[in-house]
Structures are given as C-alpha cells and as structure tokens.
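As provided, structure_23.csv (CSV, C-alpha atoms) reads as follows.
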chain,number,residue,atom,x,y,z
A,1,MET,CA,45.0,-35.4,-26.7
A,2,LYS,CA,46.8,-32.1,-26.9
A,3,VAL,CA,48.1,-30.4,-30.0
A,4,TYR,CA,51.0,-27.8,-29.7
A,5,GLU,CA,50.8,-25.5,-32.6
A,6,PHE,CA,50.4,-22.0,-33.9
A,7,LYS,CA,47.0,-21.4,-35.5
A,8,GLY,CA,47.1,-20.3,-39.1
A,9,PHE,CA,50.5,-21.8,-39.9
A,10,PRO,CA,50.5,-24.3,-42.7
A,11,ASN,CA,51.6,-27.5,-40.9
A,12,PRO,CA,49.2,-27.0,-37.9
A,13,ALA,CA,46.4,-26.4,-40.5
A,14,ARG,CA,47.1,-29.9,-41.9
A,15,VAL,CA,46.4,-31.5,-38.5
A,16,ARG,CA,43.3,-29.3,-37.8
A,17,ILE,CA,41.8,-30.3,-41.1
A,18,ALA,CA,42.5,-34.0,-40.5
A,19,LEU,CA,40.9,-33.7,-37.0
A,20,ALA,CA,37.9,-31.9,-38.4
A,21,GLU,CA,37.4,-34.5,-41.2
A,22,LYS,CA,37.4,-37.2,-38.5
A,23,GLY,CA,35.1,-35.3,-36.2
A,24,LEU,CA,37.7,-35.1,-33.5
A,25,LEU,CA,38.4,-31.3,-33.2
A,26,ASN,CA,36.5,-31.1,-29.9
A,27,ARG,CA,38.5,-34.0,-28.4
A,28,VAL,CA,41.7,-32.0,-28.6
A,29,GLU,CA,43.1,-29.3,-26.4
A,30,PHE,CA,45.1,-26.8,-28.5
A,31,ILE,CA,48.1,-25.2,-26.9
A,32,THR,CA,49.8,-22.2,-28.6
A,33,VAL,CA,53.5,-22.2,-29.1
A,34,ASP,CA,54.6,-18.7,-29.8
A,35,VAL,CA,56.7,-19.5,-32.9
A,36,PRO,CA,57.0,-15.9,-34.1
A,37,ASN,CA,58.8,-15.1,-30.8
A,38,GLY,CA,60.9,-18.3,-30.9
A,39,ALA,CA,59.2,-20.4,-28.3
A,40,HIS,CA,59.7,-23.5,-30.6
A,41,ARG,CA,63.4,-23.1,-30.0
A,42,GLN,CA,63.1,-23.1,-26.2
A,43,PRO,CA,63.8,-26.1,-24.0
A,44,ALA,CA,60.2,-26.6,-22.9
A,45,PHE,CA,59.1,-27.2,-26.5
A,46,LEU,CA,62.3,-29.0,-27.6
A,47,ALA,CA,61.6,-31.6,-25.0
A,48,LYS,CA,58.4,-32.4,-27.0
A,49,ASN,CA,60.1,-32.1,-30.4
A,50,PRO,CA,63.9,-31.9,-30.5
A,51,PHE,CA,63.6,-30.7,-34.1
A,52,GLY,CA,61.7,-27.6,-33.0
A,53,ALA,CA,58.7,-27.7,-35.3
A,54,VAL,CA,55.0,-27.4,-34.8
A,55,PRO,CA,52.6,-29.1,-34.6
A,56,VAL,CA,53.1,-31.8,-32.0
A,57,LEU,CA,50.4,-34.2,-30.8
A,58,GLU,CA,50.7,-35.3,-27.2
A,59,LEU,CA,48.8,-38.4,-26.3
A,60,ASP,CA,47.2,-38.9,-22.9
A,61,ASP,CA,50.1,-41.2,-21.8
A,62,GLY,CA,52.5,-38.4,-22.6
A,63,THR,CA,53.9,-39.7,-25.8
A,64,THR,CA,54.7,-36.9,-28.2
A,65,ILE,CA,54.2,-37.3,-32.0
A,66,ALA,CA,55.8,-34.8,-34.5
A,67,GLU,CA,55.7,-34.8,-38.3
A,68,CYS,CA,52.2,-34.2,-39.9
A,69,THR,CA,52.1,-37.5,-41.7
A,70,ALA,CA,52.7,-39.4,-38.5
A,71,ILE,CA,50.1,-37.3,-36.6
A,72,THR,CA,47.6,-37.9,-39.4
A,73,GLU,CA,48.3,-41.7,-39.3
A,74,TYR,CA,47.4,-41.6,-35.6
A,75,ILE,CA,44.2,-39.5,-36.1
A,76,ASP,CA,43.1,-41.6,-39.0
A,77,HIS,CA,43.6,-45.0,-37.3
A,78,VAL,CA,42.1,-43.9,-33.9
A,79,SER,CA,38.7,-43.1,-35.4
A,80,GLY,CA,36.5,-44.3,-38.3
A,81,GLU,CA,35.2,-42.4,-41.3
A,82,PRO,CA,36.3,-41.0,-43.6
A,83,SER,CA,39.6,-42.7,-44.3
A,84,LEU,CA,42.4,-40.2,-44.9
A,85,THR,CA,45.2,-42.6,-45.5
A,86,GLY,CA,43.5,-45.4,-47.4
A,87,ARG,CA,42.2,-48.9,-46.6
A,88,THR,CA,43.8,-51.3,-49.2
A,89,PRO,CA,47.5,-51.6,-49.8
A,90,LYS,CA,47.2,-49.9,-53.1
A,91,GLU,CA,45.1,-47.0,-51.7
A,92,ARG,CA,47.6,-46.6,-48.9
A,93,ALA,CA,50.5,-46.6,-51.4
A,94,LEU,CA,48.9,-44.0,-53.7
A,95,ILE,CA,48.0,-41.7,-50.9
A,96,HIS,CA,51.4,-41.8,-49.2
A,97,MET,CA,53.1,-41.3,-52.6
A,98,THR,CA,51.0,-38.3,-53.4
A,99,GLN,CA,51.2,-36.9,-49.9
A,100,ARG,CA,55.0,-37.0,-50.1
A,101,ARG,CA,55.0,-35.4,-53.6
A,102,ALA,CA,52.8,-32.6,-52.3
A,103,GLU,CA,55.1,-32.1,-49.3
A,104,ALA,CA,58.4,-32.2,-51.1
A,105,ASN,CA,57.3,-30.3,-54.3
A,106,VAL,CA,54.9,-27.7,-52.9
A,107,LEU,CA,54.6,-27.3,-49.2
A,108,ASP,CA,58.3,-27.8,-48.2
A,109,ALA,CA,59.5,-26.0,-51.3
A,110,VAL,CA,57.4,-23.0,-50.3
A,111,ALA,CA,58.6,-23.2,-46.7
A,112,THR,CA,62.2,-23.2,-47.9
A,113,TYR,CA,61.6,-20.2,-50.1
A,114,PHE,CA,60.1,-18.4,-47.1
A,115,HIS,CA,62.9,-19.3,-44.7
A,116,HIS,CA,65.7,-18.6,-47.2
A,117,ALA,CA,64.7,-16.1,-49.8
A,118,THR,CA,62.5,-13.8,-47.8
A,119,PRO,CA,63.0,-12.3,-44.2
A,120,GLY,CA,61.1,-15.4,-43.0
A,121,LEU,CA,60.6,-15.3,-39.2
A,122,GLY,CA,63.1,-12.5,-38.9
A,123,PRO,CA,66.8,-12.1,-38.3
A,124,GLN,CA,66.8,-13.6,-34.8
A,125,LEU,CA,65.3,-16.9,-35.9
A,126,GLU,CA,66.6,-17.1,-39.5
A,127,SER,CA,70.2,-17.5,-38.4
A,128,TYR,CA,71.3,-19.2,-41.7
A,129,GLN,CA,69.8,-18.3,-45.1
A,130,ASN,CA,70.8,-19.4,-48.6
A,131,LYS,CA,68.9,-17.1,-50.9
A,132,GLU,CA,69.9,-18.8,-54.1
A,133,TRP,CA,68.6,-22.2,-52.8
A,134,GLY,CA,65.4,-20.5,-51.6
A,135,GLU,CA,64.7,-19.0,-55.0
A,136,LYS,CA,65.3,-22.4,-56.6
A,137,GLN,CA,62.7,-23.9,-54.3
A,138,ARG,CA,60.2,-21.2,-55.5
A,139,GLU,CA,60.7,-22.6,-59.0
A,140,ARG,CA,60.2,-26.1,-57.7
A,141,ALA,CA,57.0,-25.1,-56.0
A,142,ILE,CA,55.6,-23.7,-59.2
A,143,GLN,CA,56.6,-26.9,-61.1
A,144,GLY,CA,54.9,-28.9,-58.4
A,145,MET,CA,51.7,-26.9,-58.8
A,146,ARG,CA,51.8,-27.7,-62.5
A,147,PHE,CA,52.3,-31.4,-61.8
A,148,PHE,CA,49.2,-31.5,-59.6
A,149,ASP,CA,47.2,-29.6,-62.2
A,150,GLY,CA,48.0,-32.3,-64.6
A,151,LEU,CA,47.0,-35.1,-62.2
A,152,LEU,CA,43.6,-33.4,-61.7
A,153,ALA,CA,42.8,-33.9,-65.4
A,154,ASN,CA,41.7,-37.4,-64.7
A,155,GLN,CA,40.5,-37.5,-61.1
A,156,PRO,CA,38.6,-35.2,-58.6
A,157,PHE,CA,41.3,-35.4,-55.8
A,158,VAL,CA,45.0,-35.7,-56.0
A,159,ALA,CA,45.3,-39.3,-54.9
A,160,GLY,CA,42.2,-40.5,-56.7
A,161,ASN,CA,38.4,-40.4,-56.2
A,162,ASP,CA,38.4,-39.5,-52.5
A,163,PHE,CA,39.6,-36.6,-50.4
A,164,THR,CA,42.7,-37.7,-48.5
A,165,MET,CA,45.8,-36.7,-46.5
A,166,ALA,CA,47.4,-35.8,-49.8
A,167,ASP,CA,44.8,-33.2,-50.6
A,168,ILE,CA,45.3,-31.7,-47.1
A,169,THR,CA,49.1,-31.4,-47.7
A,170,LEU,CA,48.7,-29.7,-51.1
A,171,PHE,CA,45.9,-27.4,-49.8
A,172,ALA,CA,48.2,-26.3,-46.9
A,173,GLY,CA,51.0,-25.8,-49.4
A,174,LEU,CA,48.9,-23.5,-51.6
A,175,ALA,CA,47.8,-21.5,-48.5
A,176,PHE,CA,51.5,-21.0,-47.6
A,177,ALA,CA,52.2,-20.0,-51.2
A,178,ASP,CA,49.6,-17.3,-50.9
A,179,PHE,CA,51.2,-16.0,-47.7
A,180,VAL,CA,54.6,-15.7,-49.4
A,181,LYS,CA,53.1,-14.4,-52.6
A,182,ILE,CA,54.0,-17.3,-54.9
A,183,GLU,CA,51.0,-17.1,-57.3
A,184,VAL,CA,49.4,-20.2,-58.8
A,185,PRO,CA,49.9,-19.7,-62.6
A,186,ALA,CA,46.7,-18.5,-64.3
A,187,ASP,CA,46.6,-21.5,-66.7
A,188,LEU,CA,46.4,-24.1,-63.9
A,189,THR,CA,42.6,-24.0,-64.0
A,190,ARG,CA,42.1,-27.6,-62.7
A,191,LEU,CA,44.2,-26.9,-59.7
A,192,LYS,CA,42.2,-23.7,-59.0
A,193,ALA,CA,38.9,-25.6,-59.3
A,194,TRP,CA,40.2,-28.4,-57.0
A,195,ARG,CA,41.2,-25.7,-54.5
A,196,ALA,CA,37.7,-24.1,-54.6
A,197,ARG,CA,36.2,-27.6,-53.9
A,198,VAL,CA,38.5,-28.3,-51.0
A,199,SER,CA,37.9,-24.8,-49.6
A,200,ALA,CA,34.2,-25.5,-49.5
A,201,ARG,CA,34.6,-28.6,-47.3
A,202,PRO,CA,33.1,-28.1,-43.8
A,203,SER,CA,36.4,-29.4,-42.3
A,204,VAL,CA,38.4,-26.6,-43.8
A,205,ALA,CA,36.0,-24.0,-42.5
A,206,ALA,CA,36.0,-25.6,-39.1
A,207,ALA,CA,39.8,-26.0,-38.9
B,1,MET,CA,55.2,-57.0,-59.1
B,2,LYS,CA,58.2,-55.2,-60.8
B,3,VAL,CA,60.6,-52.9,-59.1
B,4,TYR,CA,62.6,-50.4,-61.3
B,5,GLU,CA,65.8,-49.6,-59.5
B,6,PHE,CA,69.5,-49.5,-59.5
B,7,LYS,CA,71.0,-52.1,-57.2
B,8,GLY,CA,73.2,-50.8,-54.5
B,9,PHE,CA,71.7,-47.3,-54.4
B,10,PRO,CA,70.3,-46.2,-51.1
B,11,ASN,CA,66.7,-45.8,-51.9
B,12,PRO,CA,66.4,-49.1,-53.8
B,13,ALA,CA,68.1,-50.8,-50.8
B,14,ARG,CA,65.2,-49.6,-48.6
B,15,VAL,CA,62.7,-51.5,-50.8
B,16,ARG,CA,64.9,-54.6,-51.1
B,17,ILE,CA,65.3,-54.8,-47.3
B,18,ALA,CA,61.5,-54.4,-46.8
B,19,LEU,CA,60.8,-57.1,-49.3
B,20,ALA,CA,63.3,-59.4,-47.7
B,21,GLU,CA,61.8,-58.8,-44.3
B,22,LYS,CA,58.4,-59.8,-45.6
B,23,GLY,CA,59.7,-62.8,-47.6
B,24,LEU,CA,58.6,-61.3,-50.9
B,25,LEU,CA,62.0,-60.8,-52.7
B,26,ASN,CA,61.3,-63.8,-55.0
B,27,ARG,CA,57.8,-62.4,-56.0
B,28,VAL,CA,59.4,-59.4,-57.6
B,29,GLU,CA,61.0,-58.9,-61.0
B,30,PHE,CA,63.8,-56.3,-60.6
B,31,ILE,CA,64.5,-54.1,-63.6
B,32,THR,CA,67.6,-52.0,-63.8
B,33,VAL,CA,67.3,-48.3,-64.7
B,34,ASP,CA,70.7,-47.1,-65.7
B,35,VAL,CA,70.8,-44.1,-63.4
B,36,PRO,CA,74.6,-43.3,-63.8
B,37,ASN,CA,73.9,-42.9,-67.5
B,38,GLY,CA,70.8,-40.8,-67.0
B,39,ALA,CA,68.1,-43.4,-67.9
B,40,HIS,CA,66.0,-42.0,-65.1
B,41,ARG,CA,65.6,-38.7,-67.0
B,42,GLN,CA,64.4,-40.4,-70.2
B,43,PRO,CA,60.7,-40.5,-71.2
B,44,ALA,CA,60.4,-44.2,-70.8
B,45,PHE,CA,61.1,-43.9,-67.1
B,46,LEU,CA,59.5,-40.5,-66.5
B,47,ALA,CA,56.3,-42.1,-67.6
B,48,LYS,CA,56.6,-44.3,-64.5
B,49,ASN,CA,57.8,-41.6,-62.2
B,50,PRO,CA,57.6,-38.0,-63.5
B,51,PHE,CA,60.0,-37.0,-60.7
B,52,GLY,CA,62.7,-39.3,-62.2
B,53,ALA,CA,63.7,-41.2,-59.0
B,54,VAL,CA,64.2,-44.8,-58.4
B,55,PRO,CA,62.8,-47.1,-57.1
B,56,VAL,CA,59.4,-47.5,-58.6
B,57,LEU,CA,57.1,-50.4,-57.8
B,58,GLU,CA,54.8,-51.5,-60.6
B,59,LEU,CA,51.8,-53.5,-59.7
B,60,ASP,CA,50.4,-56.2,-61.9
B,61,ASP,CA,47.6,-53.8,-63.0
B,62,GLY,CA,50.1,-51.3,-64.2
B,63,THR,CA,49.8,-48.9,-61.3
B,64,THR,CA,53.2,-47.3,-60.5
B,65,ILE,CA,54.2,-46.4,-57.0
B,66,ALA,CA,57.1,-44.1,-56.3
B,67,GLU,CA,58.5,-42.8,-52.9
B,68,CYS,CA,60.0,-45.4,-50.6
B,69,THR,CA,57.5,-44.8,-47.7
B,70,ALA,CA,54.6,-45.4,-50.1
B,71,ILE,CA,56.2,-48.6,-51.5
B,72,THR,CA,56.9,-49.8,-48.0
B,73,GLU,CA,53.3,-49.2,-47.0
B,74,TYR,CA,52.2,-51.4,-50.0
B,75,ILE,CA,54.7,-54.2,-49.2
B,76,ASP,CA,53.8,-54.1,-45.5
B,77,HIS,CA,50.1,-54.3,-46.0
B,78,VAL,CA,50.1,-56.9,-48.8
B,79,SER,CA,51.7,-59.5,-46.6
B,80,GLY,CA,51.8,-60.6,-43.0
B,81,GLU,CA,54.7,-60.7,-40.5
B,82,PRO,CA,56.8,-58.8,-39.4
B,83,SER,CA,55.0,-55.5,-39.3
B,84,LEU,CA,57.3,-52.7,-40.6
B,85,THR,CA,54.8,-49.8,-40.3
B,86,GLY,CA,53.1,-50.7,-37.0
B,87,ARG,CA,49.7,-52.2,-36.0
B,88,THR,CA,48.2,-49.7,-33.5
B,89,PRO,CA,47.6,-46.0,-34.1
B,90,LYS,CA,50.4,-45.2,-31.7
B,91,GLU,CA,52.9,-47.6,-33.3
B,92,ARG,CA,52.1,-46.3,-36.7
B,93,ALA,CA,52.6,-42.7,-35.5
B,94,LEU,CA,55.9,-43.4,-33.8
B,95,ILE,CA,57.2,-45.3,-36.9
B,96,HIS,CA,56.1,-42.7,-39.4
B,97,MET,CA,57.6,-39.9,-37.3
B,98,THR,CA,60.9,-41.7,-36.9
B,99,GLN,CA,61.0,-42.7,-40.5
B,100,ARG,CA,60.5,-39.1,-41.6
B,101,ARG,CA,63.2,-37.9,-39.2
B,102,ALA,CA,65.7,-40.5,-40.5
B,103,GLU,CA,64.8,-39.5,-44.1
B,104,ALA,CA,65.0,-35.7,-43.6
B,105,ASN,CA,67.9,-35.6,-41.2
B,106,VAL,CA,70.2,-38.4,-42.5
B,107,LEU,CA,69.3,-40.0,-45.8
B,108,ASP,CA,68.0,-36.9,-47.7
B,109,ALA,CA,70.7,-34.7,-46.1
B,110,VAL,CA,73.4,-37.0,-47.3
B,111,ALA,CA,71.8,-37.2,-50.7
B,112,THR,CA,71.8,-33.4,-51.0
B,113,TYR,CA,75.4,-33.2,-49.9
B,114,PHE,CA,76.2,-35.8,-52.6
B,115,HIS,CA,74.3,-34.0,-55.4
B,116,HIS,CA,75.4,-30.5,-54.4
B,117,ALA,CA,78.8,-30.5,-52.7
B,118,THR,CA,80.5,-33.4,-54.5
B,119,PRO,CA,80.6,-34.2,-58.3
B,120,GLY,CA,77.5,-36.3,-57.6
B,121,LEU,CA,76.4,-38.2,-60.8
B,122,GLY,CA,78.7,-36.0,-62.9
B,123,PRO,CA,78.4,-32.7,-64.8
B,124,GLN,CA,75.8,-34.0,-67.3
B,125,LEU,CA,73.3,-35.0,-64.7
B,126,GLU,CA,74.1,-32.4,-61.9
B,127,SER,CA,73.0,-29.4,-64.0
B,128,TYR,CA,72.4,-27.3,-60.9
B,129,GLN,CA,74.6,-27.4,-57.8
B,130,ASN,CA,74.6,-25.3,-54.6
B,131,LYS,CA,77.8,-26.2,-52.8
B,132,GLU,CA,77.1,-24.1,-49.7
B,133,TRP,CA,73.7,-25.8,-49.3
B,134,GLY,CA,75.3,-29.2,-49.8
B,135,GLU,CA,77.9,-28.6,-47.1
B,136,LYS,CA,75.2,-27.4,-44.7
B,137,GLN,CA,73.3,-30.7,-45.3
B,138,ARG,CA,76.5,-32.6,-44.4
B,139,GLU,CA,76.4,-30.9,-41.0
B,140,ARG,CA,72.7,-31.7,-40.7
B,141,ALA,CA,73.4,-35.4,-41.4
B,142,ILE,CA,76.0,-35.5,-38.6
B,143,GLN,CA,73.6,-33.9,-36.2
B,144,GLY,CA,71.0,-36.4,-37.3
B,145,MET,CA,73.3,-39.3,-36.5
B,146,ARG,CA,73.8,-37.8,-33.1
B,147,PHE,CA,70.1,-37.5,-32.5
B,148,PHE,CA,69.6,-41.2,-33.3
B,149,ASP,CA,72.5,-42.2,-31.1
B,150,GLY,CA,70.7,-40.5,-28.3
B,151,LEU,CA,67.4,-42.3,-29.1
B,152,LEU,CA,69.1,-45.7,-28.9
B,153,ALA,CA,70.1,-45.1,-25.3
B,154,ASN,CA,66.6,-46.3,-24.3
B,155,GLN,CA,65.5,-48.8,-26.9
B,156,PRO,CA,67.0,-51.4,-29.3
B,157,PHE,CA,65.5,-49.9,-32.5
B,158,VAL,CA,64.9,-46.3,-33.5
B,159,ALA,CA,61.1,-46.5,-33.3
B,160,GLY,CA,61.0,-48.7,-30.2
B,161,ASN,CA,61.4,-52.4,-29.4
B,162,ASP,CA,61.0,-53.7,-33.0
B,163,PHE,CA,62.8,-53.4,-36.2
B,164,THR,CA,60.7,-51.2,-38.6
B,165,MET,CA,60.7,-49.0,-41.7
B,166,ALA,CA,62.4,-46.3,-39.7
B,167,ASP,CA,65.4,-48.5,-39.1
B,168,ILE,CA,65.6,-49.3,-42.8
B,169,THR,CA,65.6,-45.7,-43.7
B,170,LEU,CA,68.4,-44.8,-41.2
B,171,PHE,CA,70.4,-47.9,-42.3
B,172,ALA,CA,70.2,-46.8,-45.9
B,173,GLY,CA,71.2,-43.3,-44.9
B,174,LEU,CA,74.4,-44.5,-43.1
B,175,ALA,CA,75.3,-46.6,-46.1
B,176,PHE,CA,75.0,-43.6,-48.3
B,177,ALA,CA,77.1,-41.6,-45.8
B,178,ASP,CA,79.8,-44.2,-46.1
B,179,PHE,CA,79.7,-43.9,-49.9
B,180,VAL,CA,80.2,-40.1,-49.8
B,181,LYS,CA,82.7,-40.4,-46.9
B,182,ILE,CA,80.7,-38.7,-44.2
B,183,GLU,CA,82.0,-40.6,-41.2
B,184,VAL,CA,79.8,-41.5,-38.2
B,185,PRO,CA,81.5,-39.7,-35.3
B,186,ALA,CA,83.6,-42.1,-33.1
B,187,ASP,CA,81.7,-41.3,-29.9
B,188,LEU,CA,78.3,-42.5,-31.4
B,189,THR,CA,78.8,-46.0,-30.0
B,190,ARG,CA,75.1,-46.8,-29.6
B,191,LEU,CA,74.5,-45.9,-33.3
B,192,LYS,CA,77.4,-48.1,-34.3
B,193,ALA,CA,76.2,-51.0,-32.2
B,194,TRP,CA,72.7,-50.7,-33.7
B,195,ARG,CA,74.2,-50.6,-37.2
B,196,ALA,CA,76.1,-53.9,-36.5
B,197,ARG,CA,72.8,-55.5,-35.2
B,198,VAL,CA,70.9,-54.4,-38.3
B,199,SER,CA,73.7,-55.5,-40.7
B,200,ALA,CA,73.5,-59.0,-39.2
B,201,ARG,CA,69.8,-59.4,-40.1
B,202,PRO,CA,69.2,-62.0,-42.8
B,203,SER,CA,67.1,-59.5,-44.8
B,204,VAL,CA,70.0,-57.1,-45.1
B,205,ALA,CA,72.3,-59.8,-46.4
B,206,ALA,CA,69.6,-61.0,-48.8
B,207,ALA,CA,68.7,-57.6,-50.1
Would you put the structure from the file into structure tokens?
Amino acid sequence: MKVYEFKGFPNPARVRIALAEKGLLNRVEFITVDVPNGAHRQPAFLAKNPFGAVPVLELDDGTTIAECTAITEYIDHVSGEPSLTGRTPKERALIHMTQRRAEANVLDAVATYFHHATPGLGPQLESYQNKEWGEKQRERAIQGMRFFDGLLANQPFVAGNDFTMADITLFAGLAFADFVKIEVPADLTRLKAWRARVSARPSVAAA
Amino acid sequence: MKVYEFKGFPNPARVRIALAEKGLLNRVEFITVDVPNGAHRQPAFLAKNPFGAVPVLELDDGTTIAECTAITEYIDHVSGEPSLTGRTPKERALIHMTQRRAEANVLDAVATYFHHATPGLGPQLESYQNKEWGEKQRERAIQGMRFFDGLLANQPFVAGNDFTMADITLFAGLAFADFVKIEVPADLTRLKAWRARVSARPSVAAA
C-alpha cells in the first residue's frame, strides 16, 4: 500500500493514526505531495484524486481511495484489532454518526475557516475566498467543541467506551484548530482531559 | 425501529430507499417532524438530534442515530441482501469514498444553495444566509454532476457494478437539484441514463 500525503496536515494525520492503531504503519510507503506548492492541483495527483485532496491510499492493484472515512474503512477491515469502525450494527452506526459530526462540526469547519478567513495556503492556491463564511465556520467549530465536551460527561471516548475513528477525526480537528489559533474554550475541561488521554496513546506518538 | 423524518425531503428519502432495498420498510414506524414549521428546532426533537436535522433512526432500546451514512450502516448490517455498503475492505472503501463525494459535491452543495441563495425554509428558519457562498455551491453541484457522468462511462453504478449507498446519495442529490431548479446539463447523458435506471428500481417507487 502507498499513501500520498503531506505529513503534519490534519487529514493525513487521521490515516497515520488509524494505521498505527492497527499496527500497519510499516506496511505502507508514504509519498509526499507538495501541497504548499500546489502539487495536489497538478495532473499527476489529480489522476489519483480528481478532487485534489490528500491523503490518498493506493492499493497494490492500483486502486486509489480518497476520503479519510473510506481509507479508514479499508484499514479497519483489512486487519484485526482494535476495531476503529465498530463490530455490531449499533456500534457501527454510533461511530459513523459521531465521526461525521466531528468532521462537519470541527475538522471541516476549521478547514473552511483556514481556507476562507485566513491567508490559508496563500494567494496562488486560495483563488476564491469568502471571509464571512469562513468566520461563521469558526463559530461553528467552537460550538462543535462544546458539543463534544458535553458528550464526554458520560463516556470516555466520543462514540462510547472505546477509542474509534470518531476520536481520530476530532483529535485531528483540534490539532488543526491549534494551527489556525482557534482556542478550545477554557471551560471545556472534559474535552481537554480527553485530548490529553488521546495524545498519550502510542499510535498518536508513532503517527 | 422508528424513523423521525419529513417525507419527500432528500435525506429522509435516502433512508427510505435503503430500507426498501433491504425489505425493512414495514418494520419501521415513520414519525413526521414538521420541518417546514420548525419542529426540528424544538426541544423535543433536539433531544433526539442536537444538530436539528432529519432523519433520525430510533432503535428499540431508545438509542438515536442521526446522519444518513450512519443510519445506512445500521440498516445494512442488521439485515442481509443486497449489500449497500460493501463486503470486502476494498468494496467498503470504494462505496464510502463515492458516497462522501456524492454528498459533498452534489447533495450537500445543493442543500447549501437552497438554504443560502434561495428563500430556503423561509425567513423565520433561515436566520443566517450567505448568498455568494450559496451560489458558489450551485456551481460545485454542477461540477459534481459532471464528475459522476464521467465515472459512469466505465461502470453501471457510481461505486462499481452494484447499486449501493453511493447511488442512493447521488439520486437524492439530483432530486433535491430538481426541487431547487438546478438542471442537470443536457450533455450529461450517462448521468441521465443512470438516473432513469435507478428511478425504475422497485425500492425507489416504494420509498
């Protein structure tokens, strides 16, 4: 397997953490796509993902998989423990619901703020910006953080008792928030404690 | 099982089609949430989905599942044929990737156009609008249609040889596009032929 990515970026981090959790990091060849210089918009990469986003997983038969949830589904089903996407119908549903909420309300909201209300990747790459929309998504991200803080009142991880794909998405979202200087509100102590627990996982250090 | 929804709306249609494909329509009690009059923003419904969106699946133990992908994962794993989310790691990855692309680039783009660049659900419910962003999402939806037309050059359904969750999402996206008068460009003949095939499925008529 190959993963096309840019190390340190939030979506590539999701895939690295998932691989590390499954013990698969050393089965993957990582190939850098020079996103800051626009390599993700060049034909060579667009042939792998027409939507121009990293990461992309390339299987040994040449099939390319984009979108982190899809890549995580592959990684989770190709190998055993621990399960990141759930085993029962109910577990799967709760994890996918929570994953999607973390993506829409934190990670993607922060990304939209970055690309629209800050210089983002610079004037060459940010050819369209809508600053007002970007600022609105900053508010949405903070509301999202508050929602997850509430969830963590009753359970150790965001989709229940186990660490899953949903925790990975939220963790990447908060890392991106740090990068763009959207602070986690001081009163969200459960979210901060959860983050410290996730940070301490060997997979996160290895990724 | 109960499904809280508003019949005829695009996201509820996704769940109805999935249930019909699995032969589960008659195992579900459908409960109408009066979205046009704002019932989805009232405490009774927000207790089921804090993000205020239909549909929501309620299991017999009281667990509530929002987000169509999550609901479809439940439905698909709780019952047998046909598989809507795939059986092998590679099938699962391709279906989730294509589903997400259909959601982001067609269905959600059309929804954003509706809520931001048209009167949407009316001035009471559309308390914040960003018309320029809405118009941009209209363009994105049309580009998304073009992408899917290209995919269909080589395969009968958007994720491969079989009808899946990804087709359901795209089909709901095109129905929403009709409603808001975003026309499928005339030259997208493969997309139109695919749509006619999907429309003819018994599940779509039953839903």
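Near Ala153 (chain B), within a cut-off of 12 Å and counting only C-alpha atoms, sit the residues Arg146, Phe147, Phe148, Val158, Gly160, Leu188, Thr189, Arg190, Leu191, Lys192, Ala193 and Trp194 of chain B, with same-chain residues fewer than 5 positions away left out.
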Just the selected residues (C-alpha atoms), exported as a PDB file, keeping the file's coordinate frame, please.
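Full text of out.pdb as output:
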ATOM      1  CA  ARG B 146      73.800 -37.800 -33.100  1.00  0.00           C
ATOM      2  CA  PHE B 147      70.100 -37.500 -32.500  1.00  0.00           C
ATOM      3  CA  PHE B 148      69.600 -41.200 -33.300  1.00  0.00           C
ATOM      4  CA  VAL B 158      64.900 -46.300 -33.500  1.00  0.00           C
ATOM      5  CA  GLY B 160      61.000 -48.700 -30.200  1.00  0.00           C
ATOM      6  CA  LEU B 188      78.300 -42.500 -31.400  1.00  0.00           C
ATOM      7  CA  THR B 189      78.800 -46.000 -30.000  1.00  0.00           C
ATOM      8  CA  ARG B 190      75.100 -46.800 -29.600  1.00  0.00           C
ATOM      9  CA  LEU B 191      74.500 -45.900 -33.300  1.00  0.00           C
ATOM     10  CA  LYS B 192      77.400 -48.100 -34.300  1.00  0.00           C
ATOM     11  CA  ALA B 193      76.200 -51.000 -32.200  1.00  0.00           C
ATOM     12  CA  TRP B 194      72.700 -50.700 -33.700  1.00  0.00           C
TER      13      TRP B 194
END
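Restricting the calculation to all atoms listed in the file, the smallest distance between Asp60 (chain A) and any of A:His115, A:Arg100, A:Arg27, A:Lys7 is found for A:Arg27.
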Q. Can you tell me, as a ChimeraX atom specification, what residues are no more than 8 Å from region 10-25 of chain A when counting all atoms listed in the file, ignoring any on the same chain fewer than 2 positions away?
A. /A:5-8,27-28,54-55,68,71-72,75-76,79-82,84,165,168-169,172-173,175-176,203-204,206-207
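Between chain A and the candidates B:Val33, B:Ala66, B:Ala39, B:Leu170, the tightest atom-to-atom separation, counting only C-alpha atoms, involves B:Ala66.
Across the model, the gap from CA of Ala104 (chain A) to CA of Thr98 (chain B) is 17.3 Å.
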Q. Leaving out Gly144 (chain A) and any residue of its chain fewer than 3 positions from it, which residues lie within 6 Å of it when counting all atoms listed in the file, given as JSON, numbers by chain?
A. {"A": [105, 106, 141, 147]}
**Q.** 12 Å contact set for Thr88 (chain B), all atoms listed in the file, chain neighbours under 2 positions out, as a VMD selection string
**A.** (chain A and resid 73 to 79) or (chain B and resid 83 to 86 90 to 95)
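Each of A:Ala44, A:Met97, A:Leu57, A:Leu174 was checked against chain B using all atoms listed in the file; the smallest atom-to-atom distance is that of A:Met97.
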Edge lengths and centre in Å to one decimal, as lines of an AutoDock Vina configuration file, is what I'm after for the box along x, y and z that holds all listed atoms of region 174-180 of chain A once 4 Å is added on each side.
center_x = 51.2
center_y = -19.6
center_z = -49.6
size_x = 14.8
size_y = 15.8
size_z = 12.0
**Q.** Length of the CA of Gly134 (chain A) to CA of Glu103 (chain A) vector [Å]
**A.** 15.7 Å
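Candidate residues A:Thr112, A:Thr64, A:Ser199, A:Gln155 were compared for distance to chain B, and the nearest is A:Thr64, using all atoms listed in the file.
Between CA of Asp34 (chain B) and CA of Ile65 (chain B) lies a distance of 18.7 Å.
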Q: List the neighbours of region 123-127 of chain A out to 10 Å using all atoms listed in the file; skip same-chain residues closer than 3 positions along the sequence, and give me the result as a ChimeraX atom specification.
A: /A:35-38,41,115-116,118-120
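Between chain B and the candidates A:Phe163, A:Tyr128, A:Phe114, A:Phe157, the tightest atom-to-atom separation, counting all atoms listed in the file, involves A:Tyr128.
Checking A:Val3, A:Phe30, A:Asp178, A:Arg87 one by one against Lys48 (chain A), counting all atoms listed in the file, you find the shortest gap at A:Val3.
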